[in-house]
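Structure file coords05.cif with mmCIF, C-alpha atoms:
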data_my_file
#
loop_
_atom_site.group_PDB
_atom_site.id
_atom_site.type_symbol
_atom_site.label_atom_id
_atom_site.label_comp_id
_atom_site.auth_asym_id
_atom_site.auth_seq_id
_atom_site.Cartn_x
_atom_site.Cartn_y
_atom_site.Cartn_z
ATOM 1 C CA MET A 1 0.000 0.000 0.000
ATOM 2 C CA LEU A 2 2.839 2.382 0.870
ATOM 3 C CA LYS A 3 4.551 1.608 -2.383
ATOM 4 C CA ARG A 4 1.348 2.359 -4.270
ATOM 5 C CA LYS A 5 1.048 5.753 -2.545
ATOM 6 C CA GLN A 6 4.638 6.550 -3.374
ATOM 7 C CA LEU A 7 4.113 5.618 -7.044
ATOM 8 C CA THR A 8 0.980 7.766 -7.191
ATOM 9 C CA ILE A 9 2.783 10.730 -5.646
ATOM 10 C CA PHE A 10 5.725 10.204 -7.991
ATOM 11 C CA ALA A 11 3.385 10.071 -11.011
ATOM 12 C CA LEU A 12 1.653 13.286 -9.893
ATOM 13 C CA LEU A 13 5.014 15.011 -9.465
ATOM 14 C CA ILE A 14 6.016 14.020 -12.979
ATOM 15 C CA LEU A 15 2.665 15.233 -14.297
ATOM 16 C CA PHE A 16 3.080 18.590 -12.523
ATOM 17 C CA ALA A 17 6.634 18.915 -13.804
ATOM 18 C CA LEU A 18 5.513 18.292 -17.387
ATOM 19 C CA THR A 19 2.624 20.731 -17.028
ATOM 20 C CA PHE A 20 4.795 23.511 -15.634
ATOM 21 C CA SER A 21 7.583 22.925 -18.132
ATOM 22 C CA SER A 22 5.143 23.413 -20.980
ATOM 23 C CA CYS A 23 4.286 26.842 -19.528
ATOM 24 C CA LEU A 24 7.882 28.033 -19.688
ATOM 25 C CA PRO A 25 8.906 30.114 -22.686
ATOM 26 C CA SER A 26 10.675 28.059 -25.290
ATOM 27 C CA SER A 27 13.765 29.219 -27.069
ATOM 28 C CA SER A 28 13.543 29.738 -30.801
ATOM 29 C CA THR A 29 15.315 27.223 -32.954
ATOM 30 C CA GLN A 30 15.971 29.857 -35.604
ATOM 31 C CA PRO A 31 18.978 32.074 -35.069
ATOM 32 C CA ALA A 32 18.245 35.754 -34.548
ATOM 33 C CA GLU A 33 18.837 37.819 -37.662
ATOM 34 C CA GLU A 34 21.720 40.181 -37.169
ATOM 35 C CA VAL A 35 21.032 43.783 -38.154
ATOM 36 C CA ASN A 36 24.024 46.048 -38.383
ATOM 37 C CA GLN A 37 24.091 49.564 -36.988
ATOM 38 C CA ALA A 38 24.099 51.218 -40.421
ATOM 39 C CA THR A 39 20.855 49.419 -41.341
ATOM 40 C CA ARG A 40 19.241 50.459 -38.068
ATOM 41 C CA VAL A 41 20.274 54.092 -38.544
ATOM 42 C CA ALA A 42 19.030 54.109 -42.151
ATOM 43 C CA ALA A 43 15.650 52.648 -41.091
ATOM 44 C CA ALA A 44 15.274 55.119 -38.228
ATOM 45 C CA THR A 45 16.203 58.036 -40.490
ATOM 46 C CA ALA A 46 13.723 56.939 -43.169
ATOM 47 C CA GLN A 47 10.970 56.621 -40.554
ATOM 48 C CA ALA A 48 11.768 60.055 -39.126
ATOM 49 C CA GLN A 49 11.673 61.591 -42.597
ATOM 50 C CA MET A 50 8.318 59.940 -43.294
ATOM 51 C CA ASN A 51 6.952 61.225 -39.974
ATOM 52 C CA LEU A 52 8.044 64.780 -40.830
ATOM 53 C CA LEU A 53 6.423 64.567 -44.266
ATOM 54 C CA GLN A 54 3.191 63.323 -42.669
ATOM 55 C CA ILE A 55 3.226 66.314 -40.309
ATOM 56 C CA GLU A 56 3.809 68.623 -43.288
ATOM 57 C CA ALA A 57 0.918 66.915 -45.128
ATOM 58 C CA PHE A 58 -1.344 67.627 -42.143
ATOM 59 C CA GLU A 59 -0.302 71.289 -42.251
ATOM 60 C CA LEU A 60 -0.897 71.322 -46.020
ATOM 61 C CA GLU A 61 -4.425 70.026 -45.441
ATOM 62 C CA ARG A 62 -5.171 72.870 -43.041
ATOM 63 C CA GLU A 63 -3.624 75.449 -45.392
ATOM 64 C CA LEU A 64 -5.570 74.217 -48.427
ATOM 65 C CA ASP A 65 -8.822 74.088 -46.479
ATOM 66 C CA GLU A 66 -8.355 77.690 -45.340
ATOM 67 C CA ASN A 67 -6.803 79.272 -48.434
ATOM 68 C CA PHE A 68 -7.674 77.104 -51.458
ATOM 69 C CA SER A 69 -11.173 75.984 -50.460
ATOM 70 C CA GLU A 70 -12.780 76.681 -53.825
ATOM 71 C CA HIS A 71 -10.642 73.872 -55.292
ATOM 72 C CA TYR A 72 -9.765 71.735 -52.277
ATOM 73 C CA VAL A 73 -11.781 68.577 -51.645
ATOM 74 C CA GLY A 74 -9.692 66.415 -49.324
ATOM 75 C CA ILE A 75 -6.390 64.719 -48.603
ATOM 76 C CA ASN A 76 -5.354 61.168 -47.860
ATOM 77 C CA THR A 77 -1.904 60.129 -46.649
ATOM 78 C CA GLU A 78 -0.785 56.604 -47.482
ATOM 79 C CA SER A 79 2.347 55.305 -45.793
ATOM 80 C CA TYR A 80 2.651 51.801 -47.217
ATOM 81 C CA PRO A 81 4.582 50.644 -49.195
ATOM 82 C CA SER A 82 5.937 54.173 -49.493
ATOM 83 C CA LEU A 83 4.636 57.597 -48.550
ATOM 84 C CA LYS A 84 2.085 59.075 -50.934
ATOM 85 C CA VAL A 85 -0.072 62.122 -50.275
ATOM 86 C CA VAL A 86 -3.212 62.075 -52.400
ATOM 87 C CA VAL A 87 -4.755 65.539 -52.718
ATOM 88 C CA TYR A 88 -8.272 65.692 -54.127
ATOM 89 C CA LEU A 89 -8.956 68.892 -56.075
ATOM 90 C CA THR A 90 -11.592 70.276 -58.361
ATOM 91 C CA GLY A 91 -10.528 72.512 -61.227
ATOM 92 C CA ALA A 92 -6.876 72.627 -60.177
ATOM 93 C CA SER A 93 -3.621 70.750 -60.741
ATOM 94 C CA LYS A 94 -0.501 69.767 -58.846
ATOM 95 C CA ALA A 95 1.219 72.912 -60.130
ATOM 96 C CA ASP A 96 -1.441 74.988 -58.337
ATOM 97 C CA LEU A 97 -0.269 73.456 -55.038
ATOM 98 C CA ALA A 98 3.308 74.755 -55.389
ATOM 99 C CA PRO A 99 2.688 77.989 -53.406
ATOM 100 C CA PHE A 100 1.370 75.922 -50.484
ATOM 101 C CA VAL A 101 4.212 73.364 -50.346
ATOM 102 C CA GLU A 102 7.582 74.511 -49.009
ATOM 103 C CA ASP A 103 9.344 71.121 -48.853
ATOM 104 C CA PRO A 104 10.325 69.699 -52.266
ATOM 105 C CA ALA A 105 10.287 66.185 -50.735
ATOM 106 C CA LEU A 106 6.600 66.620 -49.886
ATOM 107 C CA PHE A 107 5.800 68.019 -53.330
ATOM 108 C CA GLU A 108 7.471 64.968 -54.851
ATOM 109 C CA VAL A 109 5.138 62.497 -53.075
ATOM 110 C CA ILE A 110 1.923 64.413 -53.851
ATOM 111 C CA GLU A 111 -0.509 62.858 -56.295
ATOM 112 C CA VAL A 112 -3.500 64.954 -57.385
ATOM 113 C CA ARG A 113 -6.834 63.345 -58.179
ATOM 114 C CA GLU A 114 -9.665 65.299 -59.767
ATOM 115 C CA GLU A 115 -13.050 65.464 -58.071
ATOM 116 C CA ALA A 116 -16.297 66.997 -59.314
ATOM 117 C CA ILE A 117 -17.103 69.267 -56.352
ATOM 118 C CA SER A 118 -15.146 71.098 -53.681
ATOM 119 C CA ARG A 119 -15.225 70.478 -49.945
ATOM 120 C CA GLN A 120 -16.659 73.986 -49.626
ATOM 121 C CA THR A 121 -19.652 72.943 -51.766
ATOM 122 C CA ILE A 122 -20.095 69.689 -49.839
ATOM 123 C CA ARG A 123 -20.024 71.578 -46.532
ATOM 124 C CA ALA A 124 -22.645 74.050 -47.774
ATOM 125 C CA THR A 125 -24.810 71.126 -48.901
ATOM 126 C CA ARG A 126 -24.346 69.456 -45.520
ATOM 127 C CA GLU A 127 -25.395 72.525 -43.554
ATOM 128 C CA ALA A 128 -28.495 73.102 -45.706
ATOM 129 C CA LEU A 129 -29.468 69.425 -45.602
ATOM 130 C CA LYS A 130 -28.880 69.196 -41.838
ATOM 131 C CA ALA A 131 -31.323 72.063 -41.298
ATOM 132 C CA GLU A 132 -33.928 70.282 -43.419
ATOM 133 C CA MET A 133 -33.329 66.920 -41.746
ATOM 134 C CA ASP A 134 -33.670 68.539 -38.325
ATOM 135 C CA LYS A 135 -37.021 70.040 -39.381
ATOM 136 C CA ALA A 136 -38.133 66.619 -40.677
ATOM 137 C CA GLY A 137 -37.234 65.010 -37.333
ATOM 138 C CA LEU A 138 -34.513 62.679 -38.605
ATOM 139 C CA THR A 139 -31.811 61.125 -36.458
ATOM 140 C CA TYR A 140 -28.575 61.175 -38.468
ATOM 141 C CA THR A 141 -24.878 61.960 -38.655
ATOM 142 C CA THR A 142 -22.824 62.886 -41.696
ATOM 143 C CA GLY A 143 -19.370 62.398 -43.146
ATOM 144 C CA ILE A 144 -17.461 63.739 -46.144
ATOM 145 C CA LYS A 145 -15.912 61.000 -48.310
ATOM 146 C CA MET A 146 -13.701 60.893 -51.408
ATOM 147 C CA GLU A 147 -13.622 58.956 -54.670
ATOM 148 C CA PRO A 148 -16.112 60.196 -55.574
ATOM 149 C CA ALA A 149 -16.461 63.295 -53.413
ATOM 150 C CA ARG A 150 -19.767 63.056 -51.600
ATOM 151 C CA LEU A 151 -21.659 63.718 -48.426
ATOM 152 C CA GLU A 152 -22.658 60.536 -46.637
ATOM 153 C CA VAL A 153 -25.716 60.734 -44.401
ATOM 154 C CA TYR A 154 -25.877 57.919 -41.853
ATOM 155 C CA VAL A 155 -29.405 56.967 -40.771
ATOM 156 C CA PHE A 156 -31.138 54.047 -39.075
ATOM 157 C CA ASP A 157 -33.625 53.490 -41.924
ATOM 158 C CA ILE A 158 -33.035 54.831 -45.456
ATOM 159 C CA PRO A 159 -36.599 54.459 -46.815
ATOM 160 C CA GLU A 160 -38.036 56.182 -43.738
ATOM 161 C CA ALA A 161 -35.490 59.033 -43.981
ATOM 162 C CA LYS A 162 -36.119 59.581 -47.685
ATOM 163 C CA ASP A 163 -39.899 59.465 -47.145
ATOM 164 C CA LYS A 164 -39.690 62.124 -44.409
ATOM 165 C CA LEU A 165 -37.546 64.345 -46.652
ATOM 166 C CA ASN A 166 -39.869 63.771 -49.621
ATOM 167 C CA ILE A 167 -42.920 64.719 -47.519
ATOM 168 C CA ALA A 168 -41.050 67.855 -46.387
ATOM 169 C CA GLY A 169 -40.339 68.687 -50.052
ATOM 170 C CA VAL A 170 -36.572 68.378 -49.676
ATOM 171 C CA ALA A 171 -34.655 67.492 -52.837
ATOM 172 C CA ILE A 172 -31.641 65.277 -52.205
ATOM 173 C CA PRO A 173 -28.604 66.566 -54.121
ATOM 174 C CA GLU A 174 -26.769 64.221 -56.476
ATOM 175 C CA HIS A 175 -23.590 64.125 -54.365
ATOM 176 C CA VAL A 176 -25.445 62.945 -51.217
ATOM 177 C CA GLU A 177 -25.472 59.253 -50.362
ATOM 178 C CA PHE A 178 -27.562 57.721 -47.577
ATOM 179 C CA VAL A 179 -26.003 54.890 -45.581
ATOM 180 C CA GLN A 180 -28.087 52.706 -43.269
ATOM 181 C CA MET A 181 -26.447 51.749 -39.977
ATOM 182 C CA GLU A 182 -27.532 50.163 -36.712
ATOM 183 C CA ASN A 183 -25.246 52.476 -34.720
ATOM 184 C CA LEU A 184 -24.599 55.947 -36.034
ATOM 185 C CA PRO A 185 -20.995 57.158 -35.961
ATOM 186 C CA GLU A 186 -20.034 60.185 -33.893
ATOM 187 C CA GLY A 187 -19.491 63.471 -35.646
ATOM 188 C CA GLY A 188 -21.212 65.665 -38.214
#
Mind converting the file's structure to structure tokens?
Amino acid sequence: MLKRKQLTIFALLILFALTFSSCLPSSSTQPAEEVNQATRVAAATAQAQMNLLQIEAFELERELDENFSEHYVGINTESYPSLKVVVYLTGASKADLAPFVEDPALFEVIEVREEAISRQTIRATREALKAEMDKAGLTYTTGIKMEPARLEVYVFDIPEAKDKLNIAGVAIPEHVEFVQMENLPEGG
């Protein structure tokens, strides 16, 4: 009987040892890839330069919105696989952006895409439509989107929203798109 108890205890100890050893971090069988200091410095420098260009792109967005609003629609910064700043304009070209861009490196990564209407026009449409939707008793939020430039109106029920606006005699502009959602996003 004593021997049986000892074997049971021994078996439990082995079981616990195996269980706990599987919880320990294992060492990788692949050797760590060596990265030399020059590669690290080059990567850090490239990242820092990209960060600075992204900050400049943010400032460009503010500048265009304030001082080029009749042509400015929006901006999108893409960082992968390389930095690209897409500026959406109406009735303007990349050359028209030159007075707003001080850094030649930023100008180099700008791509201009043509849109049909300006952000200024979309904002005016949004404000007028919001007033009408408020009068009609709609629950909504809005967002400005690109490609194509449009005002998105987020509602719980599209047919109900359009019916209320139709009854109120509100014409829905061509560049307005209704999007049905269960939970409306925060914002406009």
Test item: the PyMOL selection byres ((chain A and resi 123-134) around 12) resolved as number ranges by chain | A: 65, 69-70, 72-74, 117-122, 135-145, 149-155, 160-177, 188
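Here CA of Gln54 (chain A) is placed at a distance of 26.8 Å from CA of Val35 (chain A).
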Expand the PyMOL selection byres ((chain A and resi 60) around 12) into the individual residues it matches in the shown file, reporting them as a CSV table (one decimal) with C-alpha atoms, in the frame of the given file.
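Printed below is result-v3.csv as written:
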chain,number,residue,atom,x,y,z
A,53,LEU,CA,6.4,64.6,-44.3
A,54,GLN,CA,3.2,63.3,-42.7
A,55,ILE,CA,3.2,66.3,-40.3
A,56,GLU,CA,3.8,68.6,-43.3
A,57,ALA,CA,0.9,66.9,-45.1
A,58,PHE,CA,-1.3,67.6,-42.1
A,59,GLU,CA,-0.3,71.3,-42.3
A,61,GLU,CA,-4.4,70.0,-45.4
A,62,ARG,CA,-5.2,72.9,-43.0
A,63,GLU,CA,-3.6,75.4,-45.4
A,64,LEU,CA,-5.6,74.2,-48.4
A,65,ASP,CA,-8.8,74.1,-46.5
A,66,GLU,CA,-8.4,77.7,-45.3
A,67,ASN,CA,-6.8,79.3,-48.4
A,68,PHE,CA,-7.7,77.1,-51.5
A,72,TYR,CA,-9.8,71.7,-52.3
A,74,GLY,CA,-9.7,66.4,-49.3
A,75,ILE,CA,-6.4,64.7,-48.6
A,76,ASN,CA,-5.4,61.2,-47.9
A,77,THR,CA,-1.9,60.1,-46.6
A,85,VAL,CA,-0.1,62.1,-50.3
A,86,VAL,CA,-3.2,62.1,-52.4
A,87,VAL,CA,-4.8,65.5,-52.7
A,97,LEU,CA,-0.3,73.5,-55.0
A,98,ALA,CA,3.3,74.8,-55.4
A,99,PRO,CA,2.7,78.0,-53.4
A,100,PHE,CA,1.4,75.9,-50.5
A,101,VAL,CA,4.2,73.4,-50.3
A,102,GLU,CA,7.6,74.5,-49.0
A,103,ASP,CA,9.3,71.1,-48.9
A,106,LEU,CA,6.6,66.6,-49.9
A,107,PHE,CA,5.8,68.0,-53.3
A,110,ILE,CA,1.9,64.4,-53.9
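Going from CA of Ile158 (chain A) to CA of Met181 (chain A) covers 9.1 Å.
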Expressed in Å, the length from CA of Gln180 (chain A) to CA of Ala116 (chain A) is 24.5 Å
Please identify all polymer residues within 9 Å of Ser93 (chain A), counting only C-alpha atoms, omitting same-chain residues fewer than 4 positions from it, and present them as a count of residues only.
-> 5
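Nearest residue to Asp96 (chain A) among A:His71, A:Pro185, A:Tyr80, A:Ala46 is A:His71, counting all atoms listed in the file.
Comparing the minimum interatomic distances between Gln49 (chain A) and each of A:Ser82, A:Asn36, A:Glu182, A:Pro148, counting all atoms listed in the file, we find that A:Ser82 sits nearest.
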Missing atoms in region 36-47 of chain A: fill them in up to all heavy atoms and send the result as a PDB file, keeping the file's coordinate frame.
ATOM      1  N   ASN A  36      22.892  45.195 -38.730  1.00  0.00           N
ATOM      2  CA  ASN A  36      24.024  46.048 -38.383  1.00  0.00           C
ATOM      3  C   ASN A  36      23.552  47.471 -38.064  1.00  0.00           C
ATOM      4  O   ASN A  36      22.424  47.860 -38.364  1.00  0.00           O
ATOM      5  CB  ASN A  36      25.089  46.041 -39.485  1.00  0.00           C
ATOM      6  CG  ASN A  36      24.595  46.646 -40.777  1.00  0.00           C
ATOM      7  OD1 ASN A  36      23.782  47.564 -40.776  1.00  0.00           O
ATOM      8  ND2 ASN A  36      25.100  46.136 -41.889  1.00  0.00           N
ATOM      9  N   GLN A  37      24.424  48.219 -37.453  1.00  0.00           N
ATOM     10  CA  GLN A  37      24.091  49.564 -36.988  1.00  0.00           C
ATOM     11  C   GLN A  37      23.724  50.488 -38.144  1.00  0.00           C
ATOM     12  O   GLN A  37      22.804  51.301 -38.028  1.00  0.00           O
ATOM     13  CB  GLN A  37      25.274  50.145 -36.189  1.00  0.00           C
ATOM     14  CG  GLN A  37      24.980  51.471 -35.529  1.00  0.00           C
ATOM     15  CD  GLN A  37      23.869  51.380 -34.481  1.00  0.00           C
ATOM     16  OE1 GLN A  37      23.596  50.332 -33.917  1.00  0.00           O
ATOM     17  NE2 GLN A  37      23.217  52.501 -34.232  1.00  0.00           N
ATOM     18  N   ALA A  38      24.394  50.355 -39.272  1.00  0.00           N
ATOM     19  CA  ALA A  38      24.099  51.218 -40.421  1.00  0.00           C
ATOM     20  C   ALA A  38      22.674  50.982 -40.914  1.00  0.00           C
ATOM     21  O   ALA A  38      21.956  51.941 -41.256  1.00  0.00           O
ATOM     22  CB  ALA A  38      25.100  50.949 -41.545  1.00  0.00           C
ATOM     23  N   THR A  39      22.217  49.734 -40.917  1.00  0.00           N
ATOM     24  CA  THR A  39      20.855  49.419 -41.341  1.00  0.00           C
ATOM     25  C   THR A  39      19.843  50.003 -40.368  1.00  0.00           C
ATOM     26  O   THR A  39      18.817  50.562 -40.768  1.00  0.00           O
ATOM     27  CB  THR A  39      20.671  47.892 -41.456  1.00  0.00           C
ATOM     28  OG1 THR A  39      21.630  47.382 -42.384  1.00  0.00           O
ATOM     29  CG2 THR A  39      19.281  47.529 -41.913  1.00  0.00           C
ATOM     30  N   ARG A  40      20.140  49.890 -39.086  1.00  0.00           N
ATOM     31  CA  ARG A  40      19.241  50.459 -38.068  1.00  0.00           C
ATOM     32  C   ARG A  40      19.138  51.976 -38.197  1.00  0.00           C
ATOM     33  O   ARG A  40      18.059  52.551 -38.116  1.00  0.00           O
ATOM     34  CB  ARG A  40      19.726  50.106 -36.672  1.00  0.00           C
ATOM     35  CG  ARG A  40      19.535  48.664 -36.319  1.00  0.00           C
ATOM     36  CD  ARG A  40      20.128  48.357 -34.967  1.00  0.00           C
ATOM     37  NE  ARG A  40      20.294  46.922 -34.844  1.00  0.00           N
ATOM     38  CZ  ARG A  40      20.093  46.260 -33.744  1.00  0.00           C
ATOM     39  NH1 ARG A  40      19.747  46.890 -32.648  1.00  0.00           N
ATOM     40  NH2 ARG A  40      20.245  44.964 -33.709  1.00  0.00           N
ATOM     41  N   VAL A  41      20.263  52.640 -38.408  1.00  0.00           N
ATOM     42  CA  VAL A  41      20.274  54.092 -38.544  1.00  0.00           C
ATOM     43  C   VAL A  41      19.512  54.506 -39.801  1.00  0.00           C
ATOM     44  O   VAL A  41      18.712  55.451 -39.780  1.00  0.00           O
ATOM     45  CB  VAL A  41      21.720  54.633 -38.570  1.00  0.00           C
ATOM     46  CG1 VAL A  41      21.763  56.097 -38.990  1.00  0.00           C
ATOM     47  CG2 VAL A  41      22.370  54.450 -37.209  1.00  0.00           C
ATOM     48  N   ALA A  42      19.733  53.785 -40.900  1.00  0.00           N
ATOM     49  CA  ALA A  42      19.030  54.109 -42.151  1.00  0.00           C
ATOM     50  C   ALA A  42      17.522  53.945 -41.988  1.00  0.00           C
ATOM     51  O   ALA A  42      16.742  54.790 -42.446  1.00  0.00           O
ATOM     52  CB  ALA A  42      19.547  53.220 -43.282  1.00  0.00           C
ATOM     53  N   ALA A  43      17.083  52.884 -41.311  1.00  0.00           N
ATOM     54  CA  ALA A  43      15.650  52.648 -41.091  1.00  0.00           C
ATOM     55  C   ALA A  43      15.055  53.726 -40.199  1.00  0.00           C
ATOM     56  O   ALA A  43      13.960  54.243 -40.464  1.00  0.00           O
ATOM     57  CB  ALA A  43      15.430  51.262 -40.494  1.00  0.00           C
ATOM     58  N   ALA A  44      15.768  54.082 -39.143  1.00  0.00           N
ATOM     59  CA  ALA A  44      15.274  55.119 -38.228  1.00  0.00           C
ATOM     60  C   ALA A  44      15.204  56.473 -38.931  1.00  0.00           C
ATOM     61  O   ALA A  44      14.246  57.231 -38.747  1.00  0.00           O
ATOM     62  CB  ALA A  44      16.175  55.202 -37.001  1.00  0.00           C
ATOM     63  N   THR A  45      16.195  56.779 -39.750  1.00  0.00           N
ATOM     64  CA  THR A  45      16.203  58.036 -40.490  1.00  0.00           C
ATOM     65  C   THR A  45      15.047  58.087 -41.485  1.00  0.00           C
ATOM     66  O   THR A  45      14.352  59.099 -41.588  1.00  0.00           O
ATOM     67  CB  THR A  45      17.547  58.221 -41.222  1.00  0.00           C
ATOM     68  OG1 THR A  45      18.589  58.193 -40.257  1.00  0.00           O
ATOM     69  CG2 THR A  45      17.585  59.522 -42.005  1.00  0.00           C
ATOM     70  N   ALA A  46      14.829  56.995 -42.206  1.00  0.00           N
ATOM     71  CA  ALA A  46      13.723  56.939 -43.169  1.00  0.00           C
ATOM     72  C   ALA A  46      12.386  57.120 -42.466  1.00  0.00           C
ATOM     73  O   ALA A  46      11.505  57.836 -42.952  1.00  0.00           O
ATOM     74  CB  ALA A  46      13.765  55.622 -43.933  1.00  0.00           C
ATOM     75  N   GLN A  47      12.221  56.484 -41.307  1.00  0.00           N
ATOM     76  CA  GLN A  47      10.970  56.621 -40.554  1.00  0.00           C
ATOM     77  C   GLN A  47      10.783  58.052 -40.071  1.00  0.00           C
ATOM     78  O   GLN A  47       9.690  58.609 -40.147  1.00  0.00           O
ATOM     79  CB  GLN A  47      10.938  55.656 -39.369  1.00  0.00           C
ATOM     80  CG  GLN A  47       9.646  55.685 -38.587  1.00  0.00           C
ATOM     81  CD  GLN A  47       8.446  55.251 -39.406  1.00  0.00           C
ATOM     82  OE1 GLN A  47       8.484  54.211 -40.038  1.00  0.00           O
ATOM     83  NE2 GLN A  47       7.387  56.034 -39.390  1.00  0.00           N
TER      84      GLN A  47
END
